[in-house]
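Below: structure38.txt (compact mmCIF, C-alpha atoms)
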# COMPACT_ATOMS: atom_id res chain seq x y z
CA THR E 1 6.07 -35.06 -18.86
CA ALA E 2 9.36 -35.18 -20.76
CA LEU E 3 10.27 -38.20 -18.64
CA SER E 4 7.21 -40.15 -19.82
CA ASP E 5 6.35 -41.88 -23.07
CA SER E 6 3.76 -40.56 -25.50
CA TYR E 7 0.94 -42.61 -23.93
CA ASP E 8 1.59 -41.25 -20.42
CA GLN E 9 1.86 -37.74 -21.82
CA GLY E 10 -1.53 -38.12 -23.46
CA ILE E 11 -3.05 -39.46 -20.25
CA TYR E 12 -1.62 -36.54 -18.29
CA ALA E 13 -2.89 -34.01 -20.84
CA MET E 14 -6.41 -35.46 -20.64
CA THR E 15 -6.31 -35.56 -16.83
CA LEU E 16 -5.05 -32.00 -16.60
CA SER E 17 -7.71 -30.74 -19.02
CA TYR E 18 -10.63 -32.24 -17.12
CA GLY E 19 -9.19 -31.55 -13.67
CA SER E 20 -8.41 -27.93 -14.46
CA ILE E 21 -12.08 -27.27 -15.18
CA ILE E 22 -12.89 -27.96 -11.53
CA CYS E 23 -10.06 -25.75 -10.31
CA ARG E 24 -11.02 -22.83 -12.55
CA CYS E 25 -14.75 -23.02 -11.85
CA ILE E 26 -14.72 -23.67 -8.09
CA PHE E 27 -11.42 -23.04 -6.34
CA GLN E 28 -9.98 -20.13 -8.31
CA PRO E 29 -12.96 -17.81 -7.57
CA LEU E 30 -12.91 -18.89 -3.91
CA GLU E 31 -9.19 -18.20 -3.66
CA GLU E 32 -9.41 -14.76 -5.27
CA ASN E 33 -12.37 -13.67 -3.14
CA ALA E 34 -10.69 -15.03 -0.01
CA ARG E 35 -7.56 -12.98 -0.67
CA LEU E 36 -9.62 -9.80 -1.06
CA LEU E 37 -11.61 -10.60 2.08
CA PHE E 38 -8.46 -11.20 4.13
CA ALA E 39 -6.94 -7.95 2.89
CA ARG E 40 -10.08 -5.95 3.75
CA GLN E 41 -10.30 -7.42 7.26
CA TYR E 42 -6.58 -6.83 7.83
CA VAL E 43 -7.09 -3.13 7.06
CA LEU E 44 -9.60 -2.97 9.92
CA VAL E 45 -7.13 -4.67 12.26
CA LYS E 46 -4.38 -2.20 11.36
CA GLN E 47 -6.68 0.79 11.81
CA GLN E 48 -7.60 -0.34 15.31
CA GLN E 49 -4.01 -1.13 16.24
CA GLN E 50 -3.06 2.45 15.45
CA ASN E 51 -5.57 3.63 18.07
CA HIS E 52 -4.20 3.19 21.59
CA HIS E 53 -7.32 4.19 23.49
CA LEU E 54 -8.74 1.64 25.91
CA SER E 55 -12.25 2.32 24.69
CA LYS E 56 -11.31 0.79 21.32
CA LYS E 57 -9.54 -2.34 22.50
CA LYS E 58 -12.62 -4.58 22.46
CA HIS E 59 -13.30 -3.77 18.81
CA GLN E 60 -9.62 -4.30 18.08
CA TYR E 61 -9.75 -7.83 19.44
CA GLU E 62 -13.02 -8.45 17.63
CA HIS E 63 -11.44 -7.56 14.27
CA LEU E 64 -8.44 -9.77 14.93
CA GLN E 65 -10.64 -12.62 16.12
CA HIS E 66 -12.90 -12.16 13.10
CA LEU E 67 -9.90 -12.40 10.76
CA HIS E 68 -8.72 -15.53 12.56
CA ASP E 69 -12.15 -17.19 12.38
CA THR E 70 -12.63 -16.25 8.72
CA TYR E 71 -9.26 -17.73 7.81
CA THR E 72 -9.86 -21.08 9.49
CA ALA E 73 -13.47 -21.25 8.24
CA LEU E 74 -12.54 -20.69 4.58
CA VAL E 75 -9.75 -23.25 4.73
CA LYS E 76 -12.19 -25.73 6.26
CA LEU E 77 -14.68 -24.94 3.48
CA VAL E 78 -12.25 -25.70 0.65
CA LEU E 79 -11.03 -28.83 2.45
CA CYS E 80 -14.64 -29.98 2.77
CA ILE E 81 -15.14 -29.50 -0.97
CA GLY E 82 -11.84 -31.25 -1.58
CA CYS E 83 -12.99 -34.22 0.50
CA LEU E 84 -15.96 -34.64 -1.84
CA PHE E 85 -13.58 -35.14 -4.75
CA THR E 86 -11.09 -37.21 -2.74
CA PHE E 87 -13.49 -39.70 -1.17
CA LEU E 88 -16.32 -39.70 -3.73
CA GLY E 89 -15.03 -38.32 -7.00
CA THR E 90 -12.26 -40.92 -7.20
CA ASN E 91 -14.84 -43.69 -7.64
CA TYR E 92 -16.77 -41.91 -10.41
CA THR E 93 -14.01 -40.96 -12.83
CA SER E 94 -14.54 -44.09 -14.94
CA VAL E 95 -18.22 -43.19 -15.37
CA LEU E 96 -17.33 -39.63 -16.36
CA LEU E 97 -14.69 -40.70 -18.86
CA HIS E 98 -17.01 -43.32 -20.33
CA VAL E 99 -19.48 -40.55 -21.16
CA LEU E 100 -16.94 -37.95 -22.30
CA ALA E 101 -14.23 -40.01 -23.99
CA GLY E 102 -15.58 -43.52 -24.55
CA SER E 103 -15.17 -46.90 -22.91
CA LYS E 104 -11.54 -47.43 -23.94
CA TRP E 105 -10.48 -44.59 -21.61
CA SER E 106 -12.82 -45.41 -18.74
CA SER E 107 -11.79 -48.99 -18.01
CA SER E 108 -8.73 -49.99 -16.03
CA SER E 109 -8.37 -52.95 -18.37
CA SER E 110 -7.96 -50.74 -21.43
CA SER E 111 -6.31 -52.42 -24.37
CA LEU E 112 -4.02 -49.44 -24.78
CA SER E 113 -2.14 -50.34 -21.62
CA SER E 114 -1.91 -53.40 -19.41
CA SER E 115 -0.96 -51.41 -16.31
CA TYR E 116 -3.81 -50.21 -14.09
CA GLN E 117 -1.69 -47.29 -12.86
CA ASN E 118 -1.46 -45.84 -16.35
CA THR E 119 -5.16 -45.70 -17.21
CA ALA E 120 -6.95 -42.42 -17.64
CA SER E 121 -9.55 -43.17 -14.97
CA SER E 122 -6.97 -43.93 -12.29
CA SER E 123 -4.96 -40.82 -13.20
CA LEU E 124 -8.09 -38.67 -12.99
CA SER E 125 -8.86 -40.29 -9.62
CA ALA E 126 -5.39 -39.30 -8.44
CA PHE E 127 -6.09 -35.78 -9.64
CA CYS E 128 -9.24 -35.74 -7.49
CA VAL E 129 -7.01 -36.35 -4.47
CA TYR E 130 -4.58 -33.70 -5.72
CA ILE E 131 -7.43 -31.18 -5.82
CA SER E 132 -7.65 -31.24 -2.01
CA THR E 133 -3.98 -30.36 -1.64
CA LEU E 134 -4.33 -27.66 -4.30
CA ALA E 135 -7.30 -26.12 -2.48
CA PHE E 136 -5.47 -26.21 0.86
CA ASN E 137 -2.38 -24.53 -0.56
CA GLY E 138 -4.33 -21.95 -2.55
CA THR E 139 -6.41 -20.68 0.36
CA THR E 140 -3.59 -20.65 2.91
CA GLU E 141 -1.32 -18.74 0.54
CA ALA E 142 -4.18 -16.38 -0.32
CA PHE E 143 -4.19 -15.36 3.36
CA VAL E 144 -0.45 -14.71 3.34
CA TYR E 145 -0.62 -12.60 0.18
CA GLY E 146 -3.68 -10.78 1.53
CA VAL E 147 -2.12 -9.66 4.83
CA VAL E 148 1.62 -9.58 4.15
CA ASP E 149 3.08 -6.08 4.27
CA LYS E 150 6.77 -6.83 4.71
CA PRO E 151 9.13 -7.54 1.78
CA LYS E 152 10.96 -9.99 4.03
CA ASP E 153 7.89 -12.24 4.29
CA VAL E 154 7.39 -12.23 0.53
CA GLY E 155 11.05 -13.11 0.04
CA THR E 156 10.81 -15.95 2.57
CA LEU E 157 7.79 -17.39 0.79
CA GLY E 158 9.64 -17.17 -2.52
CA ILE E 159 12.61 -19.04 -1.08
CA ILE E 160 10.32 -21.80 0.18
CA HIS E 161 8.72 -22.06 -3.25
CA GLY E 162 12.18 -22.38 -4.78
CA CYS E 163 13.17 -25.13 -2.34
CA VAL E 164 9.93 -26.98 -3.03
CA GLY E 165 10.64 -26.70 -6.76
CA VAL E 166 14.07 -28.27 -6.28
CA LEU E 167 12.52 -31.08 -4.23
CA PHE E 168 9.96 -31.62 -6.98
CA ALA E 169 12.67 -31.81 -9.65
CA ILE E 170 14.56 -34.42 -7.62
CA THR E 171 11.70 -36.69 -6.60
CA VAL E 172 9.40 -36.58 -9.63
CA PRO E 173 11.69 -38.52 -12.02
CA ILE E 174 11.69 -41.41 -9.55
CA ALA E 175 7.92 -41.20 -9.01
CA VAL E 176 7.22 -41.06 -12.76
CA LYS E 177 9.45 -44.05 -13.37
CA MET E 178 7.64 -46.06 -10.69
CA TYR E 179 4.01 -44.93 -11.13
CA GLY E 180 3.79 -43.16 -14.47
CA THR E 181 1.31 -40.31 -14.67
CA ILE E 182 0.11 -40.91 -11.12
CA GLY E 183 3.66 -40.36 -9.88
CA LEU E 184 3.72 -36.92 -11.46
CA ILE E 185 0.40 -36.02 -9.83
CA LEU E 186 1.60 -37.43 -6.52
CA GLY E 187 4.73 -35.28 -6.64
CA ASN E 188 2.67 -32.17 -7.26
CA GLY E 189 0.38 -33.02 -4.35
CA ILE E 190 3.28 -33.42 -1.91
CA CYS E 191 4.66 -30.04 -2.97
CA MET E 192 1.27 -28.40 -2.42
CA ILE E 193 1.08 -29.86 1.10
CA ILE E 194 4.55 -28.53 1.96
CA ARG E 195 3.77 -25.07 0.61
CA GLY E 196 0.39 -24.95 2.33
CA THR E 197 1.86 -26.06 5.67
CA PHE E 198 4.49 -23.32 5.51
CA ALA E 199 1.75 -20.79 4.69
CA VAL E 200 -0.08 -21.90 7.85
CA TYR E 201 3.17 -21.36 9.77
CA LEU E 202 3.40 -17.81 8.42
CA ALA E 203 -0.24 -17.25 9.42
CA ALA E 204 0.53 -18.44 12.96
CA CYS E 205 3.46 -16.01 13.11
CA PHE E 206 1.15 -13.25 11.88
CA PHE E 207 -1.47 -13.80 14.59
CA ARG E 208 1.13 -14.07 17.33
CA GLU E 209 2.85 -10.88 16.19
CA HIS E 210 -0.31 -8.81 15.83
CA THR E 211 -1.80 -10.04 19.07
CA THR E 212 1.42 -9.01 20.77
CA ILE E 213 1.14 -5.59 19.14
CA SER E 214 -2.42 -5.34 20.43
CA THR E 215 -1.30 -6.17 23.94
CA THR E 216 1.53 -3.62 23.78
CA ASN E 217 -0.79 -0.90 22.54
CA ASN E 218 -3.25 -1.58 25.34
CA ASP E 219 -0.46 -1.54 27.91
CA ASP E 220 0.70 1.87 26.64
CA ALA E 221 -2.83 3.20 26.82
CA THR E 222 -3.24 1.79 30.29
CA ASN E 223 -0.05 3.50 31.52
CA GLN E 224 -1.34 6.81 30.22
CA LYS E 225 -4.51 6.49 32.29
CA GLN E 226 -2.97 5.05 35.46
CA GLU E 227 -3.03 8.38 37.27
CA ASP E 228 -6.79 8.73 36.67
CA ASP E 229 -7.84 5.12 37.15
CA LYS E 230 -5.24 3.12 39.09
CA GLY E 231 -7.75 0.80 40.70
CA THR E 232 -9.07 -0.67 37.44
CA THR E 233 -5.82 -1.16 35.52
CA ALA E 234 -5.19 -4.78 36.52
CA LYS E 235 -8.77 -5.73 35.83
CA LYS E 236 -8.68 -4.18 32.35
CA ASP E 237 -5.40 -5.93 31.55
CA ALA E 238 -6.91 -9.27 32.50
CA GLN E 239 -9.95 -8.58 30.35
CA SER E 240 -7.78 -7.61 27.39
CA ASN E 241 -5.78 -10.83 27.60
CA SER E 242 -8.96 -12.90 27.81
CA ASN E 243 -10.21 -11.32 24.59
CA LEU E 244 -7.14 -12.27 22.57
CA PRO E 245 -7.78 -14.77 19.77
CA ILE E 246 -4.49 -16.44 20.66
CA ASN E 247 -2.89 -16.46 24.10
CA THR E 248 0.59 -15.39 23.08
CA GLN E 249 1.80 -15.21 26.66
CA LYS E 250 1.87 -19.01 26.97
CA SER E 251 1.64 -20.40 23.41
CA THR E 252 4.54 -21.04 21.08
CA ILE E 253 4.32 -20.73 17.30
CA THR E 254 4.04 -24.53 17.10
CA ASN E 255 1.11 -24.60 19.53
CA ILE E 256 -0.68 -21.79 17.69
CA MET E 257 -0.12 -23.53 14.36
CA THR E 258 -1.36 -26.85 15.75
CA ASN E 259 -4.50 -25.22 17.11
CA MET E 260 -5.18 -23.50 13.78
CA ILE E 261 -4.81 -26.76 11.84
CA LYS E 262 -7.16 -28.43 14.32
CA ASN E 263 -9.78 -25.73 13.66
CA MET E 264 -9.34 -26.09 9.90
CA PHE E 265 -10.07 -29.80 9.73
CA LEU E 266 -13.48 -31.38 9.92
CA HIS E 267 -14.82 -33.19 12.97
CA PRO E 268 -13.47 -36.79 13.21
CA ILE E 269 -16.99 -38.21 12.89
CA VAL E 270 -17.47 -36.31 9.63
CA LEU E 271 -14.10 -37.55 8.36
CA MET E 272 -15.10 -41.10 9.23
CA GLY E 273 -18.28 -40.51 7.25
CA PHE E 274 -16.25 -39.51 4.19
CA ILE E 275 -14.12 -42.64 4.58
CA SER E 276 -17.27 -44.76 4.82
CA CYS E 277 -18.54 -43.14 1.61
CA PHE E 278 -15.29 -44.03 -0.12
CA ILE E 279 -15.49 -47.69 0.95
CA ILE E 280 -19.15 -48.02 -0.05
CA THR E 281 -18.73 -46.35 -3.44
CA ARG E 282 -15.56 -48.34 -4.12
CA TYR E 283 -17.49 -51.55 -3.52
CA SER E 284 -20.32 -50.24 -5.69
CA LEU E 285 -17.85 -49.49 -8.48
CA HIS E 286 -16.44 -53.01 -8.39
CA PHE E 287 -19.94 -54.49 -8.15
CA HIS E 288 -21.09 -52.69 -11.30
CA PHE E 289 -17.70 -52.70 -13.03
CA GLN E 290 -18.33 -55.78 -15.09
CA GLN E 291 -21.49 -54.26 -16.52
CA LEU E 292 -19.73 -50.96 -17.15
CA SER E 293 -17.03 -52.70 -19.18
CA THR E 294 -18.75 -55.65 -20.89
CA ASN E 295 -22.05 -54.05 -21.93
CA ASP E 296 -20.26 -51.55 -24.16
CA ASN E 297 -18.13 -53.45 -26.62
CA HIS E 298 -18.10 -50.71 -29.25
CA GLY E 299 -17.81 -47.62 -27.09
CA TYR E 300 -21.50 -46.85 -27.06
CA ILE E 301 -23.69 -46.17 -24.03
CA HIS E 302 -26.28 -48.92 -23.78
CA LYS E 303 -29.38 -49.14 -21.65
CA GLU E 304 -27.74 -51.66 -19.32
CA TRP E 305 -24.76 -49.38 -18.81
CA ILE E 306 -27.05 -46.44 -17.99
CA VAL E 307 -28.89 -48.51 -15.37
CA ALA E 308 -25.62 -49.62 -13.80
CA ALA E 309 -24.18 -46.10 -13.80
CA LEU E 310 -27.33 -44.57 -12.29
CA SER E 311 -27.34 -47.25 -9.58
CA HIS E 312 -23.73 -46.43 -8.79
CA ILE E 313 -24.51 -42.70 -8.61
CA LEU E 314 -27.53 -43.34 -6.38
CA VAL E 315 -25.34 -45.30 -3.97
CA GLY E 316 -22.98 -42.32 -3.77
CA ILE E 317 -25.75 -39.79 -3.12
CA THR E 318 -27.34 -41.99 -0.44
CA SER E 319 -24.06 -42.61 1.36
CA LEU E 320 -23.20 -38.91 1.19
CA VAL E 321 -26.46 -37.92 2.85
CA LEU E 322 -26.39 -40.63 5.52
CA PHE E 323 -22.70 -40.62 6.46
CA VAL E 324 -21.60 -37.02 5.74
CA MET E 325 -24.46 -34.53 5.58
CA ILE E 326 -26.26 -35.68 8.73
CA PRO E 327 -23.08 -35.87 10.89
CA MET E 328 -21.95 -32.51 9.51
CA TYR E 329 -25.26 -30.93 10.50
CA LYS E 330 -24.82 -32.31 14.02
CA TYR E 331 -21.09 -31.78 14.63
CA GLU E 332 -20.29 -28.84 12.34
CA GLY E 333 -23.35 -26.68 12.99
CA SER E 334 -21.30 -23.73 14.22
CA PHE E 335 -19.21 -23.88 11.06
CA GLY E 336 -22.34 -23.71 8.91
CA ARG E 337 -23.77 -20.83 10.91
CA TYR E 338 -20.53 -18.89 10.59
CA LEU E 339 -20.50 -19.32 6.81
CA SER E 340 -24.13 -18.19 6.72
CA SER E 341 -23.29 -15.08 8.75
CA MET E 342 -20.42 -14.30 6.36
CA LEU E 343 -22.77 -14.49 3.39
CA LYS E 344 -25.33 -12.25 5.10
CA GLU E 345 -22.63 -9.75 5.98
CA LYS E 346 -21.42 -9.69 2.38
CA LYS E 347 -24.98 -9.21 1.10
CA MET E 348 -25.59 -6.34 3.53
CA LYS E 349 -22.38 -4.65 2.48
CA HIS E 350 -23.31 -5.08 -1.17
CA ASP E 351 -26.74 -3.56 -0.53
CA ASP E 352 -25.15 -0.62 1.33
CA ASP E 353 -22.79 0.01 -1.57
CA ASP E 354 -25.68 -0.06 -4.03
CA GLY E 355 -27.61 2.36 -1.83
CA ARG E 356 -24.71 4.81 -1.77
CA LYS E 357 -24.31 4.61 -5.54
CA ASN E 358 -27.99 5.25 -6.08
CA GLY E 359 -27.88 8.18 -3.66
CA HIS E 360 -24.95 9.76 -5.49
CA GLN E 361 -26.71 9.29 -8.84
CA LYS E 362 -29.86 11.02 -7.53
CA MET E 363 -27.81 13.94 -6.17
CA GLU E 364 -26.15 14.35 -9.54
Full structure transcribed into structure tokens:
Amino acid sequence: TALSDSYDQGIYAMTLSYGSIICRCIFQPLEENARLLFARQYVLVKQQQQNHHLSKKKHQYEHLQHLHDTYTALVKLVLCIGCLFTFLGTNYTSVLLHVLAGSKWSSSSSSLSSSYQNTASSSLSAFCVYISTLAFNGTTEAFVYGVVDKPKDVGTLGIIHGCVGVLFAITVPIAVKMYGTIGLILGNGICMIIRGTFAVYLAACFFREHTTISTTNNDDATNQKQEDDKGTTAKKDAQSNSNLPINTQKSTITNIMTNMIKNMFLHPIVLMGFISCFIITRYSLHFHFQQLSTNDNHGYIHKEWIVAALSHILVGITSLVLFVMIPMYKYEGSFGRYLSSMLKEKKMKHDDDDGRKNGHQKME
């Protein structure tokens, strides 16, 4: 912000204040709980990898697969929430600012600045897009910090963060000079994408390494039992490889990473639905924009403005249901069922913990 004038600094401060509320209320709790969940599931994977008996290998693969599925599902969840802000929230920032800060901050034709790029509503819209990149980076790095157990990996991640910081320092002055406050937000978003992508790379390395460990452990256990059960060794090896969450025998790190990213993103039909919502709500914003700006000459909320704003909101809700919710129910049903099973599992575990506590209290 030192590179901007006082007006741009004020716009950025307002944008950061409102945008940070969303991050603190929604994404920060998700990120913290995700890190704890990843760490707890990784403990189960390590415990099973220390057991070389063939009778335990199926559960070993199940824990590793469960960790893999949980990781991709939670990243998809935060990206889905981020899409709501990216494709819908961007067209409602002027309405929000009109209510919270007055009409002079909500209109792109504000008398305080003649440039559309420097208005508060457009900067807050850019922050809505930035939220998606922030959510992606936060959850992917939460996985790395939840499962990392080597100082080398932590050091590598720190080096990447340092390199991204240098890139940010080089590119942001140019972006701020060209686009003002939006340039600063854009620079932050690019850095979050780079950091999140590298975190996905580390996750791909993690799954390849631990699946290889699982295979090695099973091979050792198989060799120990060859004298007693030579005829079934090949069959058990084939079954063990088929249970792996990632086929490390044929896949490279790039292929594993590509497959993980594919599982993280929403179905193309759902993405097209979000894009359709953006186009419709953008048209609705322009259609009602004259009323939103001319019916409030003194910064007050008039009856006509309320009608226009409610109509605009109704358009957004309708398009969300028709173009996103229905396709998501059809094409992302397995994703919804998996999230539901995670919630049920958490509730059962919480009930078990409460039962143990009550039992200990009665014994005392």
Nearest to Val176 in chain E, chosen from E:Glu62, E:Glu345, E:Asp153, E:Asp8, with all atoms listed in the file counted in the distances: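 Looking only at the distances to Val176 in chain E, the closest residue turns out to be E:Asp8.
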Record the distance separating CA of Ile194 in chain E and CA of Leu77 in chain E, expressed in Å with one decimal.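 Atom-to-atom, CA of Ile194 in chain E and CA of Leu77 in chain E are spaced 19.6 Å apart.
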Tell me which of E:Ala203, E:Val321, E:Leu134, E:Ala120 sits closest to Gly180 in chain E, counting all atoms listed in the file.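 Of the candidates, the smallest distance to Gly180 in chain E is held by E:Ala120.
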Provide the CA of Val307 in chain E to CA of Leu322 in chain E distance in Å, to one decimal place.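 One can read the CA of Val307 in chain E to CA of Leu322 in chain E distance as 22.5 Å.
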Name the closest residue to Lys76 in chain E among the candidates E:Gln28, E:Thr90, E:Asn263, E:Gln41; distances are taken between atoms, counting all atoms listed in the file. E:Asn263
Among the residues E:Ala135, E:Ile170, E:Ala39, E:Val147, the one that comes closest to Met192 in chain E [using all atoms listed in the file]: E:Ala135
Using only C-alpha atoms for the distances, tell me which of E:Ser122, E:Thr72, E:Thr181, E:Ser341 is nearest to Lys262 in chain E. E:Thr72
Using all atoms listed in the file, find the one residue out of E:Met264, E:Ile253, E:Leu184, E:Cys23 that sits nearest to Cys205 in chain E.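 Among E:Met264, E:Ile253, E:Leu184, E:Cys23, it is E:Ile253 that comes nearest to Cys205 in chain E.
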So how many Å separate CA of His63 in chain E and CA of Val45 in chain E, to one decimal? 5.6 Å
